[in-house]
Every structure is written in structure tokens, then in C-alpha cells.
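Each remark here refers to the structure printed beneath this line.
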Amino acid sequence: MSAPEEKTTDAVVAALLEENRVIPPPDHFRAQARLRDESLYAEAARDPEAFWAQQAQRLTWFKPWDKVLEWNPPEAKWFTGGRLNASYNCLDRHIKSGLRNKAALIWEGEPGDTRTLTYWDLYRDVNKFANVLKSLGVKKGDRVALYMPMIPELVIAMLACARIGAIHTVVFGGFSPESLQDRINDAQAKLLVTADGGFRKGSILPLKHDADYALSKCPSIEKVIIVKRDEFPLRVREGRDHWYHRLMQDAAPWCEPEPMDAEDVLYILYTSGTTGKPKGIVHTTGGYLTGVAATTEWVFDLKADDVFWCTADIGWVTGHSYVVYGPLLNGATQVMYEGSPDWPDKDRFWRLVDKYGVSIFYTAPTAIRTFMKWGPEWTQGSDLSSLRLLGTVGEPINPEAWMWYYKYVGRERCPVVDTWWQTETGMIMIAPLPGLTPAKPGSATRPLPGVSAAVLDDQGGEIPVGGGYLALTRPWPAMLRGIWGDPERYRTQYWSKWREDLYFTGDGAKRDEEGYYWLLGRVDDVINISGHRIGTMEVESALVDHESVAEAACVGISDPVKGEAIAAFVTLKDGSLPQERMDEFLKRHVEAKIGAIARPGKIIFTGDLPKTRSGKIMRRLLRDIAEGRLLGDITTLADDSVITNLKKKYEEE
Ligand code: PRX
């Protein structure tokens with residue numbers, strides 16, 4: 001594993017260190033904010049367990065818990081003995097309160113079609129779909145895979161699984177059939193819910209068609225349910241495939257919510273790690289719901305009349321926690337949009353903000369950098385005065401992008417919350433409280449109340465001011481409970497770098513004199529592309545899977561829009577096609593194996609990969625070469641003596 005600084009360019013660090021702007025919450029925002037003083041931090045620090053127990057009261061429990069926390073590092077159990085149901089908490093209790101007719105989802109498809117579902121509408125459909133799942137043999141504990149576009153039926157399907165105690169595993173619609181297949185097989189899912197297709201940038205995402213490829217090698221799948229999004233062509237396999245709308249017609253309108261144990265699994269979500277095989281991150285019910293319910297309210301200062309829009313796809317954890325569970329638990333009204341920000345024009349997001357009066361907007365730095373590239377004029381034709389808070393997530397935000405967002409989208413009126421967290425943490429961990437915390441552009445600021453973080457050195461020594469590894473030093477309710485089917489990997493991946501009770505995030509960070517955290521990116525072999533994780537090993541496996549490739553090594557290089565991009569060093573076998581032709585073939589091959597997100601930005605052909613004497617690939621050298629720091633902008637390393645000489649030089653250093 002490389003040291004934290006190694007992967008971060010000096011320029012980035014220098015820029016962060018020079019960054020000394022402080023932007024306090026605007027007075028008008030502070031005056032109305034839910035949290036305006038330090039009391040929540042103080043309360044949490046006094047007794048973290050009592051604090052989280054207090055937060056768990058936000059939920060409706062069928063049976064109260066016996067114990068708040070059982071912590072046998074690295075195994076944590078929260079709210080043991082307690083019983084509750086996620087769909088009941090997101091829906092039933094709102095139906096019984098004044099929220100019955102409130103809009104839960106204001107949905108817009110990419111072509112411009114719209115639907116609004118009230119809490120009642122959602123409740124009714126979730127009940128019916130829960131009965132559909134039962135009628136097809138799905139039982140508590142069974143896994144259900146969801147491979148869908150951003151349509152309300154995805155939310156309905158997740159909550160219907162939760163209602164009957166089935167475990168959902170959502171697979172991002174942009175993943176390839178092979179990625180879907182791997183996830184279904186790892187989870188041993190019994191049923192798949194998909195759609196005929198979805199719209200993206202004006203074209204069709206042929207989900208059912210792709211799913212059919214995957215299913216040819218997924219023996220665990222017994223039934224498939226297809227949501228009809230449009231008139232997309234597909235084949236229906238008799239006996240196995242069923243149309244959603246037909247099943248819903250006959251479904252009974254009430255389904256008893258299953259009283260789940262607080263520690264029963266709510267979902268599995270796959271994410272990339274440092275091996276070729278994605279990890280199925282396991283989240284359970286009581287602690288996860290407590291964590292996302294509380295953080296949604298604190299970080300977004302959520303109020304009853306807000307219109308909340310998190311632009312993340314539900315296929316990622318941000319969509320799970322801050323499109324589905326967090327906002328619905330809080331009875332919020334949300335905008336949900338199916339498609340691309342530049343369809344039909346580059347102002348689509350701002351038009352949506354204007355049209356629906358969005359007040360809280362949460363997106364990724366990569367999107368902001370794309371908007372910057374398009375130019376501020378695209379933000380100017382829409383009325384953005386409804387916005388009162390902006391958020392970012394998924395990757396470090398450079399201060400320039402932060403300022404641009406603040407200036408052109410927020411019009412210098414809206415606090416910006418930079419939120420650090422992970423698939424594994426389930427909930428936001430480091431972020432400002434917008435009515436309280438002065439922001440420093442580029443810093444996620446401080447750990448939230450009840451969250452305990454530290455910057456540690458290699459030996460686990462705390463670095464109060466300075467750079468090192470970001471660790472989480474106390475269990476938190478929404479923490480992952482394991483990796484599906486791989487308890488050993490859970491232990492070695494997260495809890496063995498130092499002591500068993502210290503969680504290793506995989507991120508580098510600096511802590512400044514005021515206790516603010518500045519995230520520096522991954523320190524392991526994981527690349528963050530547009531806020532999404534891809535393991536270098538996954539891309540390498542996809543490349544060597546090609547018949548012409550002898551060896552491959554991938555590194556992350558900085559990209560002005562995506563944050564990072566993949567550079568692949570490839571050694572071809574003798575007799576393969578010329579490099580110019582192989583370049584596009586290999587990029588497409590990776591797309592087909594994993595998904596478009598993993599497409600290498602640059603392929604550099606080389607006769608030899610630089611390795612240490614023990615055979616370890618010298619990734620730092622590769623990064624320097626790929627970023628042009630050593631050789632200028634080369635794409636072909638025809639002369640291997642260059643690499644040999646560089647390697648010698650590095651070894652001598
Ligand atoms: O490297 C950190 C980066 O994204 C990683 C987590 O990725 P994932 O599990 O896909 O979840 C993304 C959405 C929660 C982290 O290890 N990351 C996430 N948020 C930030 C960030 N890096 C810097 N600043 C952030 N706000």
C-alpha cells in the first residue's frame with residue numbers, strides 16, 4: 001500500500017494548504033437553521049451511546065431495543081432486540097399523520113414525462129408490490145436484485161423488499177451484463193426486477209436485453225419482473241418473466257410489514273475494492289435507518305416544506321441513503337430525475353430546480369466541474385431563487401469548483417455542505433452543520449455529532465495537525481456489518497491496519513489546527529472516477545481477459561472533470577493487431593466487461609511493465625509517466641529502455 005501523500009499530487013496539496021478562505025453561514029440561513037450551536041456535539045461527546053439511542057427515537061419501533069450497542073471489535077450490533085420495519089417507517093407512519101397527501105416523489109423522465117407520487121400513492125404501490133413479491137415466492141431473507149433506471153418503481157421495489165424482509169441488492173443500470181451477473185451470483189438472488197429500458201442522453205438503456213445476457217449464467221434467479229418504461233423491444237421468457245403492471249393489477253392493497261430485528265439485513269450494495277472482485281457491503285436495519293434519518297435532517301437542515309433533490313443514481317449508496325431512506329424517513333418531498341444533465345440542453349438541472357422550486361440540491365463535484373466547463377451562462381436562464389442549501393459528495397471538491405458552485409448556483413446565498421462518507425459508512429460522517437459551521441472550501445470540515453474520526457500514521461499514532469490516514473475511531477450506527485459471504489475480508493480490509501477497533505477508510509486526510517479535515521483521495525488501489533469507485537485490479541482483470549493482452553497495470557491519473565481517470569499500461573501478445581487499432585478495441589472491451597464508467601481514459605502500450613525486484617508493479621512510476629511528469633504526454637512507450645532507465649532511476653532514489 002502506498003503512503004497517503006504518494007497518490008496526491010504536490011500541486012493539489014499545495015493548493016489545499018494555501019486555501020485559507022472561510023465562509024461562515026449566511027446570517028439569514030443561520031437565523032432559521034435547526035442547529036445553531038454546539039450543543040448537539042456536546043451531547044454526543046458526553047455519552048455517544050445515549051446520544052444515538054436518543055436519535056433512534058426518530059423511528060417507530062414495534063419493540064424497543066434491549067441494548068444500544070454490543071461492540072466486540074470488529075463486530076458491532078446496534079439496538080439489539082429491537083424490532084422495526086423500514087417501509088413502515090418510510091411510509092405507514094406518514095400515512096397516519098398529516099403527510100398522507102404530501103408529494104413524496106416528483107419524478108421527471110428524460111423525455112419530459114412527469115409523475116408525482118404522494119406518500120399515499122407510494123404506500124399503496126409498495127404494499128401491492130410486496131404482495132407481488134410474496135406471490136412469486138420471495139420470503140424474508142431472500143435476495144432480490146434490482147437493475148433499473150431512475151424511475152419510481154425502483155423506490156417501490158426497494159421498499160417492498162424491506163416490507164417483507166427480503167434483502168435488496170441494487171445494481172447500477174450503467175453496469176454491464178457481466179457485472180450484473182457477478183453480483184447476482186455472489187448474492188444468490190432469487191428474483192430480478194428490471195425494466196424494458198430507460199432513457200439516457202436521448203438514447204435507450206436496454207436493461208432487460210442486457211439482463212437476459214446476464215441471466216444465462218445466473219442459476220439462482222427463478223423469476224424476473226419487468227417494468228414497462230416505454231415501448232422498448234424485448235423478449236419475454238414464458239414462465240420466468242412477468243410484467244410489473246399485470247402483476248400489480250391483481251395484487252392485494254395491504255401487506256403486513258414484517259417486524260424485522262434491528263440487526264436483520266436491509267440491503268447489500270456492491271462496491272469496488274482492491275481486488276478484482278467487488279465487495280457486497282451489508283447494511284442492517286435499525287442502526288442504518290437511525291443514522292440516515294438523523295444525518296438527513298442535520299446536514300441538509302431539512303424542513304417540512306423543503307423540496308429536496310439528490311441527483312445521485314439509486315444504484316450507488318448516495319441514492320440509497322439520500323434519495324430513498326433518509327428523505328422518506330423524514331417525510332420529505334423530493335425531485336427524482338431519470339436522465340442526463342445535458343438533455344436536451346446543458347441547463348436541464350437548472351430548469352428542474354426552477355420548475356419544481358428545489359430548495360436543497362445535492363450533487364457530485366464531477367458534475368460541478370462539468371457545469372464549470374459548460375460555463376455559468378447555462379445557470380442564468382433559470383430562476384434558482386428557491387435554492388437555500390447546496391451539497392456535494394463522492395470525491396474531494398477542489399476549492400475552485402466549490403467557489404463556482406457557491407457563486408453561480410447558490411448566488412452566494414446558500415451554504416455549501418461538502419459531505420464525506422462511503423458505501424461502508426452508510427451515512428454522512430464528516431460534514432458541516434450548515435447553520436453553524438464556517439465552511440472552508442475544499443474541506444469537509446468536522447466529524448458529525450456522534451462520529452469519531454482521527455488522522456493516524458502508519459503505526460496508528462494520532463496526528464492532531466498534519467497528514468496521514470483517515471480512521472474512524474468509534475462504531476457508528478449505520479456502519480457496515482460485513483461483506484456478504486466473506487467475513488475474513490471484512491476483518492482484513494477494514495479492521496486490521498492498526499487495532500481491531502480502528503476502522504481504516506482507505507482515504508488520506510489532513511487535519512488542520514482547527515480540527516477541520518481535508519480529504520486527499522484514496523491511498524489504496526481504488527480509483528475515484530466521477531465520484532464512483534473502481535478498483536485498478538478490476539480493470540486489469542478485464543484487460544487481461546482480452547485474448548491479445550499479455551499483461552496490464554492500471555493507475556488513476558488526475559482528470560480536470562472526472563477527478564480521476566484510468567490510465568492503463570498494456571503489454572500486447574506477439575501477433576496482435578497494431579496498437580492504434582487495439583486502443584479502441586481494448587477500451588470497448590473494458591466497457592463491455594464492467595460498464596462505461598470503467599473505460600480507460602488512456603492506454604499506454606509498453607513491452608515491459610516496471611516492477612520492483614520482488615515483482616511488484618511500480619505504480620508511482622506509472623502514474624508519473626501517465627501524467628506526463630517524466631516523459632511529456634506520451635501514449636506509446638515504444639522504447640522500453642526508457643522505462644528501464646526510469647525504473648533504475650527510481651530504484652536509486
Ligand atoms: O475516497 C472517498 C470518496 O469516495 C469514497 C467512497 O466512495 P463510495 O463508497 O462510492 O461512496 C461515495 C458516496 C458516499 C471515499 O472513500 N469521497 C466521498 N465523499 C467525499 C470523498 N472524498 C472527498 N470528499 C468527499 N466529500
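Scheme for the C-alpha cells: letters A, B, ... for chains in order shown; per-chain residue numbers from 1; ligand numbers from 1 in order shown.
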For this session: Collect all residues with atoms no farther than 8 Å from ligand 1, counting only C-alpha atoms and all ligand atoms, and output them as number ranges by chain.
Result: A: 271-272, 316-318, 392-397, 418-424, 426-428, 430-431, 443-444, 505-507, 518-522, 528, 531-533
Output as JSON lines one row per residue of range 211-239 of chain A within 12 Å of range 131-142 of chain A: the closest atom pair and its distance in Å to one decimal place, counting only C-alpha atoms, sorted by chain and residue number ascending.
{"residue": "A:Ser220", "atom": "CA", "partner": "A:Asp142", "partner_atom": "CA", "distance": 10.9}
{"residue": "A:Ile221", "atom": "CA", "partner": "A:Asp142", "partner_atom": "CA", "distance": 11.1}
{"residue": "A:Glu222", "atom": "CA", "partner": "A:Leu136", "partner_atom": "CA", "distance": 9.0}
{"residue": "A:Lys223", "atom": "CA", "partner": "A:Leu136", "partner_atom": "CA", "distance": 7.4}
{"residue": "A:Val224", "atom": "CA", "partner": "A:Leu136", "partner_atom": "CA", "distance": 9.6}
{"residue": "A:Ile225", "atom": "CA", "partner": "A:Leu133", "partner_atom": "CA", "distance": 9.4}
{"residue": "A:Gly239", "atom": "CA", "partner": "A:Leu136", "partner_atom": "CA", "distance": 11.2}
Problem set entry | For Asp525 in chain A: contacts at 10 Å, only C-alpha atoms, fewer than 3 positions along chain excluded, given as a list in words | Met1, Ser2, Lys7, Ser272, Gly273, Thr274, Thr275, Gly506, Arg522, Asn528, Ile534, Gly535, Thr536, Met537, Cys554, Val555, Gly556 and Arg619 of chain A
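Atom pair CA of Thr169 in chain A / CA of His245 in chain A: separated by 21.7 Å.
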For this session: Excluding range 185-198 of chain A and any residue of its chain fewer than 2 positions from it, enumerate the residues within 6 Å of it, using only C-alpha atoms, and give them as a PyMOL selection string.
Result: chain A and resi 143-149+182-183+204-208+220-228+232
